[in-house]
$ cat model-v6.cif   # mmCIF, C-alpha atoms
data_final
#
loop_
_atom_site.group_PDB
_atom_site.id
_atom_site.type_symbol
_atom_site.label_atom_id
_atom_site.label_comp_id
_atom_site.auth_asym_id
_atom_site.auth_seq_id
_atom_site.Cartn_x
_atom_site.Cartn_y
_atom_site.Cartn_z
ATOM 1 C CA MET A 1 -97.757 46.899 -19.933
ATOM 2 C CA ASN A 2 -95.933 43.875 -18.572
ATOM 3 C CA LYS A 3 -92.344 42.736 -18.859
ATOM 4 C CA LEU A 4 -92.112 39.547 -20.909
ATOM 5 C CA ALA A 5 -89.337 36.934 -20.994
ATOM 6 C CA ILE A 6 -89.254 34.305 -23.757
ATOM 7 C CA VAL A 7 -87.372 31.230 -22.548
ATOM 8 C CA VAL A 8 -85.793 29.086 -25.266
ATOM 9 C CA PRO A 9 -83.928 25.854 -24.336
ATOM 10 C CA CYS A 10 -81.245 25.056 -26.921
ATOM 11 C CA TYR A 11 -79.332 21.858 -27.619
ATOM 12 C CA ASN A 12 -77.205 21.680 -30.788
ATOM 13 C CA GLU A 13 -79.289 24.329 -32.533
ATOM 14 C CA GLU A 14 -76.618 26.061 -34.630
ATOM 15 C CA GLU A 15 -78.529 25.320 -37.851
ATOM 16 C CA VAL A 16 -81.668 27.136 -36.703
ATOM 17 C CA PHE A 17 -80.431 29.607 -34.103
ATOM 18 C CA LEU A 18 -79.725 32.606 -36.334
ATOM 19 C CA GLU A 19 -83.208 32.527 -37.841
ATOM 20 C CA THR A 20 -84.813 31.822 -34.456
ATOM 21 C CA SER A 21 -83.074 34.714 -32.703
ATOM 22 C CA LYS A 22 -83.891 37.039 -35.607
ATOM 23 C CA GLN A 23 -87.601 36.167 -35.593
ATOM 24 C CA LEU A 24 -87.943 36.472 -31.820
ATOM 25 C CA GLU A 25 -86.089 39.804 -31.772
ATOM 26 C CA GLU A 26 -88.425 41.156 -34.450
ATOM 27 C CA LEU A 27 -91.463 39.836 -32.556
ATOM 28 C CA ILE A 28 -90.392 41.500 -29.302
ATOM 29 C CA ILE A 29 -89.821 44.835 -31.061
ATOM 30 C CA GLU A 30 -93.224 44.538 -32.732
ATOM 31 C CA LEU A 31 -94.982 43.883 -29.411
ATOM 32 C CA ILE A 32 -93.135 46.789 -27.817
ATOM 33 C CA ASN A 33 -94.243 49.108 -30.624
ATOM 34 C CA LYS A 34 -97.833 47.952 -30.094
ATOM 35 C CA ASN A 35 -97.513 48.763 -26.371
ATOM 36 C CA LYS A 36 -98.200 45.132 -25.509
ATOM 37 C CA ILE A 37 -94.999 44.634 -23.451
ATOM 38 C CA THR A 38 -92.347 46.858 -21.853
ATOM 39 C CA LYS A 39 -89.176 47.965 -23.621
ATOM 40 C CA ASP A 40 -86.965 45.812 -21.361
ATOM 41 C CA SER A 41 -88.660 42.553 -22.395
ATOM 42 C CA TYR A 42 -86.312 39.933 -23.813
ATOM 43 C CA ALA A 43 -85.656 36.427 -25.096
ATOM 44 C CA ILE A 44 -83.292 34.282 -23.025
ATOM 45 C CA TYR A 45 -81.595 31.264 -24.594
ATOM 46 C CA VAL A 46 -80.542 28.355 -22.362
ATOM 47 C CA ASN A 47 -77.631 26.372 -23.773
ATOM 48 C CA ASP A 48 -78.090 22.784 -22.570
ATOM 49 C CA GLY A 49 -74.519 21.535 -22.974
ATOM 50 C CA SER A 50 -74.543 21.789 -26.769
ATOM 51 C CA LYS A 51 -71.664 20.122 -28.622
ATOM 52 C CA ASP A 52 -71.771 22.495 -31.589
ATOM 53 C CA LYS A 53 -71.441 26.298 -31.815
ATOM 54 C CA THR A 54 -74.780 27.098 -30.196
ATOM 55 C CA TRP A 55 -73.269 28.948 -27.235
ATOM 56 C CA GLU A 56 -70.974 30.993 -29.469
ATOM 57 C CA LEU A 57 -74.024 32.040 -31.513
ATOM 58 C CA ILE A 58 -75.962 32.919 -28.345
ATOM 59 C CA SER A 59 -73.055 35.059 -27.119
ATOM 60 C CA LYS A 60 -72.871 36.843 -30.464
ATOM 61 C CA ALA A 61 -76.635 37.412 -30.569
ATOM 62 C CA CYS A 62 -76.503 38.999 -27.099
ATOM 63 C CA LEU A 63 -74.075 41.574 -28.502
ATOM 64 C CA GLU A 64 -76.068 42.233 -31.678
ATOM 65 C CA HIS A 65 -79.641 42.117 -30.359
ATOM 66 C CA LYS A 66 -80.914 44.505 -27.722
ATOM 67 C CA HIS A 67 -83.504 42.078 -26.328
ATOM 68 C CA CYS A 68 -81.336 38.971 -25.998
ATOM 69 C CA LYS A 69 -79.818 37.153 -23.011
ATOM 70 C CA GLY A 70 -78.147 33.799 -22.494
ATOM 71 C CA ILE A 71 -77.605 31.087 -19.905
ATOM 72 C CA LYS A 72 -74.922 28.441 -20.275
ATOM 73 C CA LEU A 73 -75.472 25.242 -18.284
ATOM 74 C CA ALA A 74 -72.390 23.358 -17.115
ATOM 75 C CA SER A 75 -73.511 20.125 -18.807
ATOM 76 C CA ASN A 76 -76.364 18.548 -20.719
ATOM 77 C CA VAL A 77 -79.260 18.006 -18.306
ATOM 78 C CA GLY A 78 -82.113 17.398 -20.749
ATOM 79 C CA HIS A 79 -84.828 19.570 -22.251
ATOM 80 C CA GLN A 80 -87.090 19.696 -19.174
ATOM 81 C CA ASN A 81 -84.328 20.690 -16.749
ATOM 82 C CA ALA A 82 -82.931 23.239 -19.199
ATOM 83 C CA LEU A 83 -86.363 24.796 -19.592
ATOM 84 C CA LEU A 84 -86.891 24.819 -15.836
ATOM 85 C CA SER A 85 -83.539 26.538 -15.276
ATOM 86 C CA GLY A 86 -84.611 29.369 -17.557
ATOM 87 C CA LEU A 87 -88.010 29.718 -15.889
ATOM 88 C CA ILE A 88 -86.516 29.773 -12.397
ATOM 89 C CA TYR A 89 -83.950 32.364 -13.474
ATOM 90 C CA VAL A 90 -86.530 34.787 -14.930
ATOM 91 C CA LYS A 91 -89.346 34.328 -12.397
ATOM 92 C CA ASP A 92 -88.238 37.348 -10.343
ATOM 93 C CA LYS A 93 -87.141 39.363 -13.387
ATOM 94 C CA CYS A 94 -90.367 39.599 -15.389
ATOM 95 C CA ASP A 95 -94.154 39.674 -15.105
ATOM 96 C CA ALA A 96 -94.688 36.695 -17.403
ATOM 97 C CA SER A 97 -92.650 34.190 -19.396
ATOM 98 C CA ILE A 98 -93.289 32.233 -22.557
ATOM 99 C CA SER A 99 -91.444 28.966 -23.156
ATOM 100 C CA ILE A 100 -90.863 27.805 -26.717
ATOM 101 C CA ASP A 101 -88.529 25.373 -28.498
ATOM 102 C CA ALA A 102 -85.685 26.718 -30.622
ATOM 103 C CA ASP A 103 -86.896 25.066 -33.835
ATOM 104 C CA LEU A 104 -89.909 27.470 -33.910
ATOM 105 C CA GLN A 105 -92.324 24.788 -35.042
ATOM 106 C CA ASP A 106 -94.690 26.434 -32.593
ATOM 107 C CA ASP A 107 -96.226 29.509 -34.223
ATOM 108 C CA ILE A 108 -94.813 32.663 -32.620
ATOM 109 C CA SER A 109 -97.608 34.759 -34.141
ATOM 110 C CA VAL A 110 -99.950 33.590 -31.336
ATOM 111 C CA ILE A 111 -97.645 35.011 -28.659
ATOM 112 C CA GLU A 112 -99.496 38.329 -28.938
ATOM 113 C CA GLU A 113 -102.747 36.487 -28.230
ATOM 114 C CA MET A 114 -101.100 34.825 -25.224
ATOM 115 C CA VAL A 115 -100.107 38.239 -23.886
ATOM 116 C CA ASP A 116 -103.674 39.484 -24.382
ATOM 117 C CA LYS A 117 -105.084 36.544 -22.447
ATOM 118 C CA PHE A 118 -102.559 37.208 -19.677
ATOM 119 C CA GLU A 119 -103.811 40.802 -19.543
ATOM 120 C CA GLU A 120 -107.321 39.394 -19.123
ATOM 121 C CA GLY A 121 -106.251 37.705 -15.890
ATOM 122 C CA ASN A 122 -105.020 34.268 -16.933
ATOM 123 C CA ASP A 123 -101.901 33.051 -15.117
ATOM 124 C CA ILE A 124 -101.225 30.200 -17.544
ATOM 125 C CA VAL A 125 -101.963 30.204 -21.267
ATOM 126 C CA TYR A 126 -101.351 26.951 -23.151
ATOM 127 C CA GLY A 127 -100.359 26.824 -26.795
ATOM 128 C CA VAL A 128 -102.392 23.969 -28.280
ATOM 129 C CA ARG A 129 -102.042 22.470 -31.744
ATOM 130 C CA LYS A 130 -105.172 22.563 -33.882
ATOM 131 C CA GLU A 131 -104.120 19.462 -35.791
ATOM 132 C CA ARG A 132 -101.143 17.179 -36.440
ATOM 133 C CA THR A 133 -101.116 17.145 -40.250
ATOM 134 C CA THR A 134 -97.353 17.791 -40.375
ATOM 135 C CA ASP A 135 -96.674 14.570 -38.426
ATOM 136 C CA THR A 136 -96.322 11.107 -39.888
ATOM 137 C CA PHE A 137 -99.134 8.632 -39.241
ATOM 138 C CA PHE A 138 -96.945 6.782 -36.734
ATOM 139 C CA LYS A 139 -96.074 9.903 -34.743
ATOM 140 C CA ARG A 140 -99.685 11.095 -34.811
ATOM 141 C CA PHE A 141 -100.924 7.706 -33.597
ATOM 142 C CA THR A 142 -98.333 7.407 -30.813
ATOM 143 C CA ALA A 143 -98.964 10.990 -29.642
ATOM 144 C CA GLN A 144 -102.715 10.464 -29.440
ATOM 145 C CA SER A 145 -102.186 7.155 -27.650
ATOM 146 C CA PHE A 146 -99.870 8.877 -25.166
ATOM 147 C CA TYR A 147 -102.485 11.480 -24.188
ATOM 148 C CA LYS A 148 -105.167 8.800 -23.838
ATOM 149 C CA VAL A 149 -102.947 6.633 -21.629
ATOM 150 C CA MET A 150 -102.051 9.664 -19.483
ATOM 151 C CA HIS A 151 -105.762 10.393 -19.040
ATOM 152 C CA LEU A 152 -106.503 6.770 -18.080
ATOM 153 C CA MET A 153 -103.692 6.913 -15.518
ATOM 154 C CA GLY A 154 -105.263 9.976 -13.911
ATOM 155 C CA VAL A 155 -102.528 12.403 -15.008
ATOM 156 C CA LYS A 156 -103.720 15.955 -15.712
ATOM 157 C CA SER A 157 -102.486 17.128 -19.096
ATOM 158 C CA VAL A 158 -103.636 19.373 -21.936
ATOM 159 C CA TYR A 159 -104.318 17.489 -25.170
ATOM 160 C CA ASN A 160 -101.947 18.403 -28.037
ATOM 161 C CA HIS A 161 -99.933 20.751 -25.817
ATOM 162 C CA ALA A 162 -96.160 20.420 -25.522
ATOM 163 C CA ASP A 163 -94.098 23.094 -23.722
ATOM 164 C CA PHE A 164 -95.310 26.202 -25.551
ATOM 165 C CA ARG A 165 -97.017 28.181 -22.801
ATOM 166 C CA LEU A 166 -97.213 31.491 -20.987
ATOM 167 C CA MET A 167 -96.817 31.577 -17.218
ATOM 168 C CA SER A 168 -97.235 34.522 -14.873
ATOM 169 C CA ALA A 169 -94.583 35.372 -12.282
ATOM 170 C CA ARG A 170 -96.650 33.876 -9.469
ATOM 171 C CA ALA A 171 -97.260 30.694 -11.489
ATOM 172 C CA MET A 172 -93.493 30.337 -11.979
ATOM 173 C CA GLU A 173 -93.007 30.950 -8.271
ATOM 174 C CA GLN A 174 -95.366 28.077 -7.504
ATOM 175 C CA LEU A 175 -93.606 25.912 -10.100
ATOM 176 C CA SER A 176 -90.337 26.431 -8.212
ATOM 177 C CA ASN A 177 -91.942 24.717 -5.180
ATOM 178 C CA TYR A 178 -92.146 21.413 -7.072
ATOM 179 C CA LYS A 179 -88.819 19.826 -6.189
ATOM 180 C CA GLU A 180 -88.942 16.485 -8.000
ATOM 181 C CA ARG A 181 -85.932 15.446 -10.094
ATOM 182 C CA ASN A 182 -88.017 13.349 -12.501
ATOM 183 C CA LEU A 183 -89.391 16.371 -14.323
ATOM 184 C CA PHE A 184 -92.478 16.265 -16.505
ATOM 185 C CA LEU A 185 -93.569 19.892 -16.839
ATOM 186 C CA ARG A 186 -96.646 19.069 -18.930
ATOM 187 C CA GLY A 187 -98.004 17.243 -15.903
ATOM 188 C CA ILE A 188 -96.716 19.623 -13.212
ATOM 189 C CA VAL A 189 -97.997 22.926 -14.641
ATOM 190 C CA PRO A 190 -101.714 21.875 -14.637
ATOM 191 C CA LEU A 191 -101.337 21.073 -10.921
ATOM 192 C CA ILE A 192 -100.590 24.729 -10.108
ATOM 193 C CA GLY A 193 -104.285 25.462 -10.359
ATOM 194 C CA TYR A 194 -104.435 29.131 -11.318
ATOM 195 C CA LYS A 195 -106.753 30.496 -13.997
ATOM 196 C CA THR A 196 -105.837 29.136 -17.427
ATOM 197 C CA ASP A 197 -106.774 29.531 -21.068
ATOM 198 C CA CYS A 198 -105.593 28.220 -24.445
ATOM 199 C CA VAL A 199 -104.572 29.604 -27.811
ATOM 200 C CA TYR A 200 -104.704 27.404 -30.899
ATOM 201 C CA TYR A 201 -102.279 27.289 -33.805
ATOM 202 C CA ALA A 202 -101.076 25.155 -36.697
ATOM 203 C CA ARG A 203 -97.637 23.701 -36.074
ATOM 204 C CA LYS A 204 -95.063 24.369 -38.771
ATOM 205 C CA GLU A 205 -92.223 22.324 -40.212
ATOM 206 C CA ARG A 206 -88.895 22.475 -38.412
ATOM 207 C CA LEU A 207 -86.682 25.280 -39.766
ATOM 208 C CA ALA A 208 -83.622 23.026 -40.114
ATOM 209 C CA GLY A 209 -81.758 20.220 -38.394
ATOM 210 C CA GLU A 210 -83.201 17.118 -36.786
ATOM 211 C CA SER A 211 -85.687 16.537 -34.007
ATOM 212 C CA LYS A 212 -84.136 16.153 -30.547
ATOM 213 C CA TYR A 213 -86.858 13.625 -29.677
ATOM 214 C CA PRO A 214 -86.310 10.384 -31.632
ATOM 215 C CA LEU A 215 -88.582 7.403 -30.954
ATOM 216 C CA LYS A 216 -86.433 6.002 -28.131
ATOM 217 C CA LYS A 217 -86.406 9.317 -26.260
ATOM 218 C CA MET A 218 -90.138 9.842 -26.855
ATOM 219 C CA ILE A 219 -90.933 6.448 -25.318
ATOM 220 C CA SER A 220 -88.687 7.181 -22.345
ATOM 221 C CA PHE A 221 -90.300 10.616 -21.920
ATOM 222 C CA ALA A 222 -93.802 9.115 -21.993
ATOM 223 C CA PHE A 223 -92.863 6.399 -19.482
ATOM 224 C CA ASP A 224 -91.322 8.979 -17.138
ATOM 225 C CA GLY A 225 -94.469 11.085 -17.379
ATOM 226 C CA ILE A 226 -96.729 8.188 -16.416
ATOM 227 C CA THR A 227 -94.599 6.783 -13.591
ATOM 228 C CA SER A 228 -93.866 10.236 -12.146
ATOM 229 C CA PHE A 229 -97.540 11.095 -11.702
ATOM 230 C CA SER A 230 -99.459 7.852 -11.223
ATOM 231 C CA ILE A 231 -99.207 4.626 -9.209
ATOM 232 C CA LYS A 232 -101.949 2.997 -11.265
ATOM 233 C CA PRO A 233 -99.440 0.713 -13.075
ATOM 234 C CA ILE A 234 -98.584 -0.866 -9.698
ATOM 235 C CA THR A 235 -102.305 -1.187 -8.903
ATOM 236 C CA MET A 236 -102.779 -2.912 -12.262
ATOM 237 C CA ILE A 237 -100.072 -5.416 -11.298
ATOM 238 C CA LEU A 238 -102.013 -6.195 -8.112
ATOM 239 C CA PHE A 239 -105.207 -6.894 -10.052
ATOM 240 C CA LEU A 240 -103.255 -8.927 -12.617
ATOM 241 C CA GLY A 241 -101.866 -11.031 -9.775
ATOM 242 C CA VAL A 242 -105.363 -11.581 -8.363
ATOM 243 C CA PHE A 243 -106.624 -12.550 -11.839
ATOM 244 C CA ILE A 244 -103.809 -15.076 -12.358
ATOM 245 C CA VAL A 245 -104.414 -16.619 -8.920
ATOM 246 C CA PHE A 246 -108.109 -16.933 -9.788
ATOM 247 C CA CYS A 247 -107.275 -18.616 -13.118
ATOM 248 C CA SER A 248 -104.844 -20.933 -11.324
ATOM 249 C CA CYS A 249 -107.573 -21.996 -8.891
ATOM 250 C CA LEU A 250 -109.908 -22.767 -11.800
ATOM 251 C CA ALA A 251 -107.153 -24.749 -13.527
ATOM 252 C CA MET A 252 -106.461 -26.684 -10.309
ATOM 253 C CA MET A 253 -110.151 -27.517 -9.891
ATOM 254 C CA TYR A 254 -110.353 -28.657 -13.525
ATOM 255 C CA THR A 255 -107.254 -30.846 -13.049
ATOM 256 C CA LEU A 256 -108.724 -32.391 -9.893
ATOM 257 C CA VAL A 257 -112.050 -33.161 -11.603
ATOM 258 C CA SER A 258 -110.214 -34.671 -14.586
ATOM 259 C CA TYR A 259 -108.125 -36.863 -12.283
ATOM 260 C CA LEU A 260 -111.171 -38.119 -10.380
ATOM 261 C CA THR A 261 -113.053 -38.932 -13.581
ATOM 262 C CA GLY A 262 -110.050 -40.562 -15.233
ATOM 263 C CA ASN A 263 -109.827 -38.022 -18.064
ATOM 264 C CA THR A 264 -106.349 -36.718 -17.293
ATOM 265 C CA VAL A 265 -104.567 -35.541 -20.471
ATOM 266 C CA PRO A 266 -100.808 -35.070 -20.024
ATOM 267 C CA GLY A 267 -99.513 -31.942 -21.774
ATOM 268 C CA TRP A 268 -95.944 -30.755 -21.676
ATOM 269 C CA SER A 269 -96.705 -27.751 -23.939
ATOM 270 C CA SER A 270 -99.498 -26.368 -21.788
ATOM 271 C CA MET A 271 -97.367 -26.703 -18.655
ATOM 272 C CA MET A 272 -94.369 -24.928 -20.208
ATOM 273 C CA LEU A 273 -96.524 -22.132 -21.647
ATOM 274 C CA SER A 274 -97.997 -21.551 -18.205
ATOM 275 C CA ILE A 275 -94.535 -21.388 -16.653
ATOM 276 C CA TRP A 276 -93.274 -18.963 -19.300
ATOM 277 C CA PHE A 277 -96.355 -16.784 -18.960
ATOM 278 C CA LEU A 278 -96.132 -16.557 -15.181
ATOM 279 C CA GLY A 279 -92.371 -15.985 -15.391
ATOM 280 C CA GLY A 280 -92.871 -13.148 -17.852
ATOM 281 C CA VAL A 281 -95.539 -11.535 -15.658
ATOM 282 C CA GLN A 282 -93.232 -11.742 -12.645
ATOM 283 C CA LEU A 283 -90.286 -10.192 -14.475
ATOM 284 C CA LEU A 284 -92.506 -7.427 -15.871
ATOM 285 C CA SER A 285 -93.924 -6.713 -12.431
ATOM 286 C CA ILE A 286 -90.524 -6.659 -10.747
ATOM 287 C CA GLY A 287 -89.152 -4.402 -13.466
ATOM 288 C CA LEU A 288 -92.009 -1.918 -13.173
ATOM 289 C CA ILE A 289 -91.763 -1.795 -9.388
ATOM 290 C CA GLY A 290 -88.007 -1.360 -9.817
ATOM 291 C CA GLN A 291 -88.640 1.756 -11.915
ATOM 292 C CA TYR A 292 -90.595 3.317 -9.057
ATOM 293 C CA ILE A 293 -87.884 2.361 -6.560
ATOM 294 C CA GLY A 294 -85.268 3.847 -8.883
ATOM 295 C CA LYS A 295 -87.184 7.107 -9.096
ATOM 296 C CA THR A 296 -87.422 7.207 -5.301
ATOM 297 C CA TYR A 297 -83.655 6.649 -5.119
ATOM 298 C CA VAL A 298 -83.050 9.621 -7.452
ATOM 299 C CA GLU A 299 -85.442 11.855 -5.519
ATOM 300 C CA VAL A 300 -84.079 11.196 -2.016
ATOM 301 C CA LYS A 301 -80.521 12.103 -3.048
ATOM 302 C CA GLU A 302 -81.749 15.626 -3.848
ATOM 303 C CA ARG A 303 -78.916 16.378 -6.233
ATOM 304 C CA PRO A 304 -79.082 19.698 -8.159
ATOM 305 C CA ARG A 305 -81.128 19.442 -11.340
ATOM 306 C CA TYR A 306 -78.727 21.730 -13.200
ATOM 307 C CA ASN A 307 -75.660 23.928 -12.684
ATOM 308 C CA ILE A 308 -75.366 27.334 -14.353
ATOM 309 C CA GLU A 309 -71.863 28.022 -15.667
ATOM 310 C CA LYS A 310 -72.345 31.461 -17.191
ATOM 311 C CA VAL A 311 -75.040 34.098 -17.668
ATOM 312 C CA ILE A 312 -75.106 36.907 -20.222
ATOM 313 C CA ASP A 313 -77.461 39.523 -18.783
ATOM 314 C CA ASN A 314 -76.954 43.182 -19.584
ATOM 315 C CA GLU A 315 -79.221 44.424 -16.812
#

$ encode --input "model-v6.cif" --output "structure tokens"
Amino acid sequence: MNKLAIVVPCYNEEEVFLETSKQLEELIIELINKNKITKDSYAIYVNDGSKDKTWELISKACLEHKHCKGIKLASNVGHQNALLSGLIYVKDKCDASISIDADLQDDISVIEEMVDKFEEGNDIVYGVRKERTTDTFFKRFTAQSFYKVMHLMGVKSVYNHADFRLMSARAMEQLSNYKERNLFLRGIVPLIGYKTDCVYYARKERLAGESKYPLKKMISFAFDGITSFSIKPITMILFLGVFIVFCSCLAMMYTLVSYLTGNTVPGWSSMMLSIWFLGGVQLLSIGLIGQYIGKTYVEVKERPRYNIEKVIDNE
């Protein structure tokens, strides 16, 4: 049997926390009774600077539930950093961890299958959605487009996988060696390279509350994922520049031939459109390159990704 830690990042989850902690406590007890995991396995909840009563509920759950622990971060650092803080904390305190969001849209019933696949020798087991029928057409379309763009950019990722996964202790140890501040765990974990497998499940409706990933944050998350793992956007700018120079040469040759043959047609509109187009391309290019420079600026400062204020651990 192996010691299991379930890592749950939490941000303003007071509406769902009681049900989440109850279900995970029952699941852990069930797995213990089946001799799947050791009796000191637990769920650990990471409070990511919540503004509601999430931390108070975590503290109370740690008193009421035998298999419950808590981490309070000093401020809100974002879902990826909060999740990483939990994984780094437990990597030396368990044989394997499972990360899952607090809304329990990911089906916890497949956790037993994840543990079985870990017993078979897999260091990483991805939870993958069978379908996206619970999503709106817009969200389904944007999600599928995101995975396709990531693939085109050469970023390794698992299709329809979010952050529901099992990782062995040695996989978490290797994850701790990735020091970048611009975190995109869905892209980092596949780089670890150990033996992997997948379990498939149908995603459920959110228990309560609202999604912590509105459209604006989803777009920002996708952009960070692409620019953190690929320089192809900059390469595309180079080829776009070459293409525009080529078109400009053709336009110059056409203008010269027209002048020599006396067929010059003055056109203010065509000239202005060309200027606006080239100006837009330049601003877009400078902005994209600026994003990479900004990320470099953040990385070289090497500031801490999170600060832990308090830990509730009964060990």

$ residues_around --input "model-v6.cif" --residues "A:Asn76" --least-positions-apart "3" --cutoff "9 Å" --atoms "only C-alpha atoms" --output "number ranges by chain"
A: 11, 47-50, 73, 79, 82, 306

$ resolve_selection --input "model-v6.cif" --expression "the PyMOL selection byres ((chain A and resi 181) around 9)" --output "PyMOL selection string"
chain A and resi 81+179-180+182-183+295+298-299+302-305

$ closest_residue --input "model-v6.cif" --among "A:Ile6, A:Leu57, A:Val77, A:Ile312" --to "A:Met167" --atoms "only C-alpha atoms"
A:Ile6

$ resolve_selection --input "model-v6.cif" --expression "the PyMOL selection byres ((chain A and resi 309) around 10)" --output "PyMOL selection string"
chain A and resi 71-75+306-308+310-311

$ resolve_selection --input "model-v6.cif" --expression "the PyMOL selection byres ((chain A and resi 174) around 12)" --output "list in words"
Leu87, Ile88, Lys91, Asp123, Ile124, Met167, Ser168, Ala169, Arg170, Ala171, Met172, Glu173, Leu175, Ser176, Asn177, Tyr178, Lys179, Ile188, Val189, Pro190, Leu191, Ile192, Gly193 and Tyr194 of chain A

$ atom_distance --input "model-v6.cif" --atom1 "atom CA of A:Tyr42" --atom2 "atom CA of A:Leu185"
22.4 Å

$ atom_distance --input "model-v6.cif" --atom1 "atom CA of A:Cys198" --atom2 "atom CA of A:Lys69"
27.3 Å

$ atom_distance --input "model-v6.cif" --atom1 "atom CA of A:Lys53" --atom2 "atom CA of A:Glu14"
5.9 Å

$ residues_around --input "model-v6.cif" --residues "A:Ser99" --least-positions-apart "2" --cutoff "7 Å" --atoms "all atoms listed in the file" --output "ChimeraX atom specification"
/A:6-8,97,163-166

$ closest_residue --input "model-v6.cif" --among "A:Ser59, A:Thr20, A:Asn33, A:Asn122" --to "A:Asp101" --atoms "all atoms listed in the file"
A:Thr20

$ closest_residue --input "model-v6.cif" --among "A:Val128, A:Glu26, A:Lys51, A:Ala96" --to "A:Val110" --atoms "all atoms listed in the file"
A:Val128

$ residues_around --input "model-v6.cif" --residues "A:Thr38" --least-positions-apart "5" --cutoff "7 Å" --atoms "all atoms listed in the file" --output "mmCIF file with C-alpha atoms, in the coordinates of the input"
data_model
loop_
_atom_site.group_PDB
_atom_site.id
_atom_site.type_symbol
_atom_site.label_atom_id
_atom_site.label_comp_id
_atom_site.auth_asym_id
_atom_site.auth_seq_id
_atom_site.Cartn_x
_atom_site.Cartn_y
_atom_site.Cartn_z
ATOM 1 C CA MET A 1 -97.757 46.899 -19.933
ATOM 2 C CA ASN A 2 -95.933 43.875 -18.572
ATOM 3 C CA LYS A 3 -92.344 42.736 -18.859
ATOM 4 C CA ILE A 32 -93.135 46.789 -27.817
#

$ closest_residue --input "model-v6.cif" --among "A:Gly290, A:Gly241, A:Gly187, A:Pro9" --to "A:Leu83" --atoms "only C-alpha atoms"
A:Pro9

$ closest_residue --input "model-v6.cif" --among "A:Glu30, A:Glu25, A:Asp95, A:Glu13" --to "A:Cys68" --atoms "all atoms listed in the file"
A:Glu25

$ closest_residue --input "model-v6.cif" --among "A:Leu104, A:Phe246, A:Thr296, A:Ser157" --to "A:Ala202" --atoms "only C-alpha atoms"
A:Leu104

$ build_atoms --input "model-v6.cif" --residues "stretch 185-197 of chain A" --atoms "N, CA and C atoms" --output "PDB file, keeping the file's coordinate frame"
ATOM      1  N   LEU A 185     -92.906  18.599 -17.020  1.00  0.00           N
ATOM      2  CA  LEU A 185     -93.569  19.892 -16.839  1.00  0.00           C
ATOM      3  C   LEU A 185     -94.996  19.902 -17.361  1.00  0.00           C
ATOM      4  N   ARG A 186     -95.282  19.106 -18.387  1.00  0.00           N
ATOM      5  CA  ARG A 186     -96.646  19.069 -18.930  1.00  0.00           C
ATOM      6  C   ARG A 186     -97.634  18.538 -17.901  1.00  0.00           C
ATOM      7  N   GLY A 187     -97.146  17.753 -16.961  1.00  0.00           N
ATOM      8  CA  GLY A 187     -98.004  17.243 -15.903  1.00  0.00           C
ATOM      9  C   GLY A 187     -97.976  18.108 -14.656  1.00  0.00           C
ATOM     10  N   ILE A 188     -96.844  18.802 -14.416  1.00  0.00           N
ATOM     11  CA  ILE A 188     -96.716  19.623 -13.212  1.00  0.00           C
ATOM     12  C   ILE A 188     -97.516  20.925 -13.337  1.00  0.00           C
ATOM     13  N   VAL A 189     -97.380  21.600 -14.479  1.00  0.00           N
ATOM     14  CA  VAL A 189     -97.997  22.926 -14.641  1.00  0.00           C
ATOM     15  C   VAL A 189     -99.516  22.897 -14.405  1.00  0.00           C
ATOM     16  N   PRO A 190    -100.265  21.892 -14.929  1.00  0.00           N
ATOM     17  CA  PRO A 190    -101.714  21.875 -14.637  1.00  0.00           C
ATOM     18  C   PRO A 190    -102.041  21.722 -13.156  1.00  0.00           C
ATOM     19  N   LEU A 191    -101.092  21.227 -12.348  1.00  0.00           N
ATOM     20  CA  LEU A 191    -101.337  21.073 -10.921  1.00  0.00           C
ATOM     21  C   LEU A 191    -101.298  22.397 -10.173  1.00  0.00           C
ATOM     22  N   ILE A 192    -100.721  23.433 -10.782  1.00  0.00           N
ATOM     23  CA  ILE A 192    -100.590  24.729 -10.108  1.00  0.00           C
ATOM     24  C   ILE A 192    -101.953  25.301  -9.768  1.00  0.00           C
ATOM     25  N   GLY A 193    -102.899  25.173 -10.702  1.00  0.00           N
ATOM     26  CA  GLY A 193    -104.285  25.462 -10.359  1.00  0.00           C
ATOM     27  C   GLY A 193    -104.779  26.875 -10.562  1.00  0.00           C
ATOM     28  N   TYR A 194    -103.951  27.779 -11.055  1.00  0.00           N
ATOM     29  CA  TYR A 194    -104.435  29.131 -11.318  1.00  0.00           C
ATOM     30  C   TYR A 194    -105.303  29.167 -12.574  1.00  0.00           C
ATOM     31  N   LYS A 195    -105.873  30.333 -12.835  1.00  0.00           N
ATOM     32  CA  LYS A 195    -106.753  30.496 -13.997  1.00  0.00           C
ATOM     33  C   LYS A 195    -105.973  30.281 -15.286  1.00  0.00           C
ATOM     34  N   THR A 196    -106.531  29.480 -16.186  1.00  0.00           N
ATOM     35  CA  THR A 196    -105.837  29.136 -17.427  1.00  0.00           C
ATOM     36  C   THR A 196    -106.728  29.374 -18.642  1.00  0.00           C
ATOM     37  N   ASP A 197    -106.073  29.435 -19.801  1.00  0.00           N
ATOM     38  CA  ASP A 197    -106.774  29.531 -21.068  1.00  0.00           C
ATOM     39  C   ASP A 197    -105.870  28.912 -22.130  1.00  0.00           C
TER      40      ASP A 197
END
